[in-house]
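*Asks:* This is the structure I want to talk about, given as structure tokens.
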Amino acid sequence: MLRVGLVGFGMAGRVFHGPLVSSVEGLELAAVMERSSDHAAERYPGVTIYRSLGEMLADSSLDLFVVATPSGTHFEVASRILRARKPLVVDKPVAVASAQIAELIRLAEENRVLLAPFQNRRWDSDFLTVQKLLREGSLGRVVHFESRFDRWRSVAPTNRLWKEDPAHGGVLLDLGTHIADQALALFGKPQAVSADLLHEREWARANDGFEIRLRYPGFRVGLSANSLSLPAGARFHLRGSKGNYWKYGVDPQEAALNRVTRIQDPAWGREPQSDWGNLHVDISGGTVTRPVEPVSGDYRLYYAAVRDALLGKAPLPVTPVEAWRTARLLEWAVESSESRREIACDWSSEPEIAR
């Protein structure tokens with residue numbers, strides 16, 4: 001049994017990491033760092049509560065640390081943990097700058113400890129289904145891929161105010177980290193990027209939306225998110241030489257995790273048939289439409305893979321270099337938005353990992 005220490009118990013710790021760690025065989029949520037409250041102890045009786053990171057690092061019984069503090073603090077917190085030679089998972093974004101992620105990679109290499117970026121949305125049902133369609137060639141030659149994350153957030157928040165601080169990266173580093181990581185996982189490194197960062201709500205301090213365009217040989221990728229869409233547009237739209245795929249709605253796991261402390265539902269991650277995407281294909285000059293039964297999503301698979309990596313049984317499910325690539329891509333998006341031009345992607349500064 002690997003004992004896990006969770007640093008932070010805000011939305012990320014409470015909704016994602018706490019329930020997921022508690023639901024994976026071989027992992028135990030043993031300790032939580034909360035500076036002033038005891039919410040974790042109320043939800044997980046018997047868990048040890050620490051008031052500071054120093055106190056938690058002194059607990060030699062912990063086998064894995066999870067960083068779930070506000071985004072702008074990830075670099076400082078993760079650096080301390082790596083220097084203490086403790087393996088860790090870091091919630092997205094791993095840090096707010098690619099240079100900081102490169103430094104964390106160096107520290108992990110120097111101290112020979114595991115550094116695992118938390119990219120749970122690679123285990124979204126809709127993403128896994130898109131991955132399957134592309135692998136099967138159901139759409140033929142893909143010419144355009146669109147990934148959107150539309151929300152309705154018209155009223156200024158009364159909690160999680162740190163997300164409105166530009167130092168934490170706004171929606172670009174929040175939702176953008178997810179969908180940029182998904183695009184890189186599907187298609188690899190693009191040749192160039194152009195983008196527009198949005199500030200659409202009059203009270204918003206940080207960016208509250210974006211439109212990113214990635215150029216690949218022979219096809220294009222569009223990534224976007226905003227806070228003023230009602231109703232939301234399609235989550236995914238793929239166009240290919242044989243047809244199109246449309247998918248509306250979002251993976252149900254986040255909403256479900258908000259209601260539980262452990263996953264016990266045997267139907268976890270399955271989407272209702274009313275939310276299935278539709279494949280429209282051209283057959284002999286006529287259009288045939290059929291719903292696509294989705295692959296079930298399961299965020300637990302991420303932590304199961306981290307467990308196995310820590311035990312030396314499997315590779316990391318998401319590598320720190322992949323987190324660096326995502327961060328670098330989003331930095332080019334910022335540069336493009338500010339300069340009003342397309343930015344060629346130069347990947348030559350990618351950190352090297354010792355083999």
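Identifiers for the structure tokens are assigned positionally: chains receive A, B, ... in sequence, residues are indexed from 1 per chain, and ligands are indexed from 1 in the order shown.
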Under the rule of at most 10 Å, produce a per-residue listing of range 52-139 of chain A near range 317-331 of chain A: chain, number, name, the closest pair of atoms, and the distance in Å, as a Markdown table, using only C-alpha atoms.
*Replies:*
```
| residue | atom | partner | partner_atom | distance |
| --- | --- | --- | --- | --- |
| A:Val90 | CA | A:Pro320 | CA | 9.8 |
| A:Lys92 | CA | A:Ala323 | CA | 8.5 |
| A:Pro93 | CA | A:Ala323 | CA | 7.6 |
| A:Val94 | CA | A:Ala323 | CA | 6.8 |
| A:Ala95 | CA | A:Ala327 | CA | 8.1 |
| A:Val96 | CA | A:Ala327 | CA | 7.4 |
| A:Ala97 | CA | A:Ala327 | CA | 6.3 |
| A:Ser98 | CA | A:Ala327 | CA | 5.2 |
| A:Ala99 | CA | A:Trp324 | CA | 8.1 |
| A:Gln100 | CA | A:Trp324 | CA | 8.9 |
| A:Ile101 | CA | A:Trp324 | CA | 5.9 |
| A:Ala102 | CA | A:Trp324 | CA | 6.8 |
| A:Leu104 | CA | A:Pro320 | CA | 8.5 |
| A:Ile105 | CA | A:Pro320 | CA | 6.5 |
| A:Ala108 | CA | A:Pro320 | CA | 9.5 |
| A:Leu114 | CA | A:Pro320 | CA | 9.4 |
| A:Leu115 | CA | A:Pro320 | CA | 6.5 |
| A:Ala116 | CA | A:Thr319 | CA | 6.2 |
| A:Pro117 | CA | A:Val318 | CA | 6.1 |
| A:Phe118 | CA | A:Val318 | CA | 7.4 |
| A:Gln119 | CA | A:Val318 | CA | 7.0 |
| A:Asn120 | CA | A:Val318 | CA | 9.4 |
| A:Arg122 | CA | A:Val318 | CA | 9.2 |
```
*Asks:* Just write the chosen residues, C-alpha atoms, as a PDB file, in the first residue's frame.
*Replies:*
```pdb
ATOM      1  CA  VAL A  90       1.375  17.928  -9.906  1.00  0.00           C
ATOM      2  CA  LYS A  92      -2.231  21.030 -14.256  1.00  0.00           C
ATOM      3  CA  PRO A  93      -0.573  23.257 -15.179  1.00  0.00           C
ATOM      4  CA  VAL A  94       2.628  21.852 -13.696  1.00  0.00           C
ATOM      5  CA  ALA A  95       3.862  25.463 -13.620  1.00  0.00           C
ATOM      6  CA  VAL A  96       2.867  28.743 -15.254  1.00  0.00           C
ATOM      7  CA  ALA A  97       5.993  28.894 -17.463  1.00  0.00           C
ATOM      8  CA  SER A  98       7.810  26.310 -19.568  1.00  0.00           C
ATOM      9  CA  ALA A  99      11.143  27.411 -18.062  1.00  0.00           C
ATOM     10  CA  GLN A 100       9.824  26.521 -14.614  1.00  0.00           C
ATOM     11  CA  ILE A 101       8.737  23.090 -15.839  1.00  0.00           C
ATOM     12  CA  ALA A 102      12.203  22.577 -17.330  1.00  0.00           C
ATOM     13  CA  LEU A 104      11.364  20.880 -12.220  1.00  0.00           C
ATOM     14  CA  ILE A 105      12.428  18.258 -14.759  1.00  0.00           C
ATOM     15  CA  ALA A 108      13.503  15.387 -10.689  1.00  0.00           C
ATOM     16  CA  LEU A 114       9.162  10.636 -10.174  1.00  0.00           C
ATOM     17  CA  LEU A 115       7.471  13.793 -11.487  1.00  0.00           C
ATOM     18  CA  ALA A 116       4.016  13.100 -12.942  1.00  0.00           C
ATOM     19  CA  PRO A 117       1.821  15.805 -14.542  1.00  0.00           C
ATOM     20  CA  PHE A 118      -1.892  15.339 -13.818  1.00  0.00           C
ATOM     21  CA  GLN A 119      -3.654  15.340 -17.185  1.00  0.00           C
ATOM     22  CA  ASN A 120      -6.854  13.502 -16.265  1.00  0.00           C
ATOM     23  CA  ARG A 122      -6.785  12.069 -21.455  1.00  0.00           C
TER      24      ARG A 122
END
```
*Asks:* Give me the residues near Ile343 in chain A as a PyMOL selection string, where near means some atom within 12 Å (using only C-alpha atoms) and where sequence neighbours in that chain fewer than 4 positions away do not count.
*Replies:* chain A and resi 190-195+212-215+328-339
*Asks:* List every residue of range 114-322 of chain A that DSSP, applied to the backbone, labels as strand (DSSP E or B), and write the result as a VMD selection string.
*Replies:* chain A and resid 115 to 118 142 to 150 152 192 to 198 209 to 216 219 to 226 228 236 to 240 243 to 247 277 to 283 286 to 292
*Asks:* Out of A:Arg160, A:Met11, A:Gly277, A:Met33, which residue has the shortest atom-to-atom distance to Leu238 in chain A when counting only C-alpha atoms?
*Replies:*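 Checking each of A:Arg160, A:Met11, A:Gly277, A:Met33 against Leu238 in chain A, counting only C-alpha atoms, the winner is A:Gly277.
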*Asks:* Extract, using only C-alpha atoms, all DNA, RNA and protein residues at most 9 Å from range 296-307 of chain A, discarding same-chain residues fewer than 4 positions from it, and format them as a ChimeraX atom specification.
*Replies:* /A:2,16,20-21,23-27,89,116,118-129,251-253,263,267-271,311-318
*Asks:* Measure the distance from CA of Phe145 in chain A to CA of Tyr245 in chain A in Å and round it to one decimal.
*Replies:* 9.7 Å
*Asks:* Quick one: everything within 10 Å of Gly176 in chain A, counting only C-alpha atoms, minus sequence neighbours fewer than 2 positions away in the same chain. Send it as a tab-separated table (two decimals) with N, CA and C atoms, in the first residue's frame.
*Replies:*
```tsv
chain	number	residue	atom	x	y	z
A	93	PRO	N	-1.83	23.44	-14.48
A	93	PRO	CA	-0.57	23.26	-15.18
A	93	PRO	C	0.53	22.95	-14.18
A	148	ARG	N	-13.51	22.35	-28.43
A	148	ARG	CA	-14.03	23.54	-27.75
A	148	ARG	C	-14.39	23.20	-26.30
A	149	PHE	N	-14.23	24.20	-25.44
A	149	PHE	CA	-14.67	24.05	-24.06
A	149	PHE	C	-15.44	25.31	-23.69
A	169	GLY	N	-2.62	32.55	-14.78
A	169	GLY	CA	-2.71	32.17	-16.18
A	169	GLY	C	-4.08	32.22	-16.81
A	170	GLY	N	-5.13	32.50	-16.03
A	170	GLY	CA	-6.48	32.61	-16.59
A	170	GLY	C	-6.99	31.33	-17.21
A	171	VAL	N	-7.99	31.47	-18.06
A	171	VAL	CA	-8.60	30.31	-18.72
A	171	VAL	C	-7.60	29.61	-19.63
A	172	LEU	N	-6.63	30.36	-20.19
A	172	LEU	CA	-5.65	29.75	-21.08
A	172	LEU	C	-4.89	28.63	-20.39
A	173	LEU	N	-4.41	28.85	-19.15
A	173	LEU	CA	-3.67	27.81	-18.45
A	173	LEU	C	-4.57	26.86	-17.70
A	174	ASP	N	-5.85	27.18	-17.58
A	174	ASP	CA	-6.81	26.29	-16.92
A	174	ASP	C	-7.35	25.29	-17.95
A	178	HIS	N	-5.62	21.63	-20.68
A	178	HIS	CA	-6.28	20.36	-20.99
A	178	HIS	C	-6.36	20.10	-22.49
A	179	ILE	N	-6.93	21.04	-23.22
A	179	ILE	CA	-7.23	20.74	-24.62
A	179	ILE	C	-5.99	20.84	-25.51
A	180	ALA	N	-5.00	21.63	-25.09
A	180	ALA	CA	-3.73	21.63	-25.82
A	180	ALA	C	-3.01	20.30	-25.61
A	181	ASP	N	-3.03	19.79	-24.40
A	181	ASP	CA	-2.42	18.49	-24.13
A	181	ASP	C	-3.10	17.40	-24.95
A	182	GLN	N	-4.42	17.45	-25.05
A	182	GLN	CA	-5.14	16.45	-25.84
A	182	GLN	C	-4.74	16.53	-27.31
A	209	GLY	N	-10.98	33.57	-22.09
A	209	GLY	CA	-11.24	32.75	-23.26
A	209	GLY	C	-10.08	32.84	-24.22
A	210	PHE	N	-10.11	32.00	-25.24
A	210	PHE	CA	-9.03	32.00	-26.24
A	210	PHE	C	-9.49	31.28	-27.49
A	211	GLU	N	-8.83	31.59	-28.59
A	211	GLU	CA	-8.98	30.86	-29.84
A	211	GLU	C	-7.57	30.59	-30.37
A	212	ILE	N	-7.22	29.33	-30.49
A	212	ILE	CA	-5.88	28.92	-30.92
A	212	ILE	C	-6.01	28.10	-32.20
A	223	LEU	N	-8.48	25.14	-31.30
A	223	LEU	CA	-8.71	24.95	-29.87
A	223	LEU	C	-9.31	26.23	-29.32
A	224	SER	N	-10.39	26.13	-28.58
A	224	SER	CA	-11.01	27.36	-28.05
A	224	SER	C	-11.75	27.08	-26.77
A	225	ALA	N	-11.91	28.15	-25.99
A	225	ALA	CA	-12.72	28.12	-24.77
A	225	ALA	C	-13.20	29.53	-24.52
A	326	THR	N	3.25	21.34	-23.76
A	326	THR	CA	1.96	22.03	-23.65
A	326	THR	C	2.17	23.48	-23.21
A	327	ALA	N	3.00	23.67	-22.19
A	327	ALA	CA	3.27	25.03	-21.70
A	327	ALA	C	3.93	25.89	-22.77
A	330	LEU	N	1.39	27.02	-25.35
A	330	LEU	CA	0.53	28.10	-24.86
A	330	LEU	C	1.29	29.42	-24.76
```
*Asks:* Among range 111-342 of chain A, which residues does DSSP mark as helix (DSSP H, G or I) when it is run on the backbone? Keep the chain and numbering as in the structure and answer as a PyMOL selection string.
*Replies:* chain A and resi 111+120-123+125-136+161-164+166-168+170-187+253-257+273-275+300-310+320-339
*Asks:* Skip Gly243 in chain A itself and residues of its chain fewer than 2 positions away, then list as a CSV table (one decimal) with C-alpha atoms, in the first residue's frame all residues within 8 Å of it, counting only C-alpha atoms.
*Replies:*
```
chain,number,residue,atom,x,y,z
A,139,LEU,CA,-13.3,9.7,-41.0
A,140,GLY,CA,-10.7,9.0,-43.7
A,239,ARG,CA,-13.9,16.8,-40.6
A,240,GLY,CA,-12.4,14.2,-42.9
A,241,SER,CA,-12.4,12.9,-46.4
A,245,TYR,CA,-18.0,13.5,-36.3
A,279,LEU,CA,-20.7,10.0,-37.1
A,280,HIS,CA,-21.9,11.3,-40.6
A,281,VAL,CA,-20.3,9.4,-43.4
A,282,ASP,CA,-20.6,9.6,-47.2
```
*Asks:* Hey, can you check how far CA of Gly218 in chain A sits from CA of Arg290 in chain A?
*Replies:*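 Result for CA of Gly218 in chain A versus CA of Arg290 in chain A: 27.1 Å, one decimal.
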*Asks:* Ranking A:Pro157, A:Gly10, A:Gly5, A:Pro70 by minimum distance to Leu88 in chain A and counting only C-alpha atoms, which one comes first?
*Replies:*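 Of the candidates, the smallest distance to Leu88 in chain A is held by A:Gly5.
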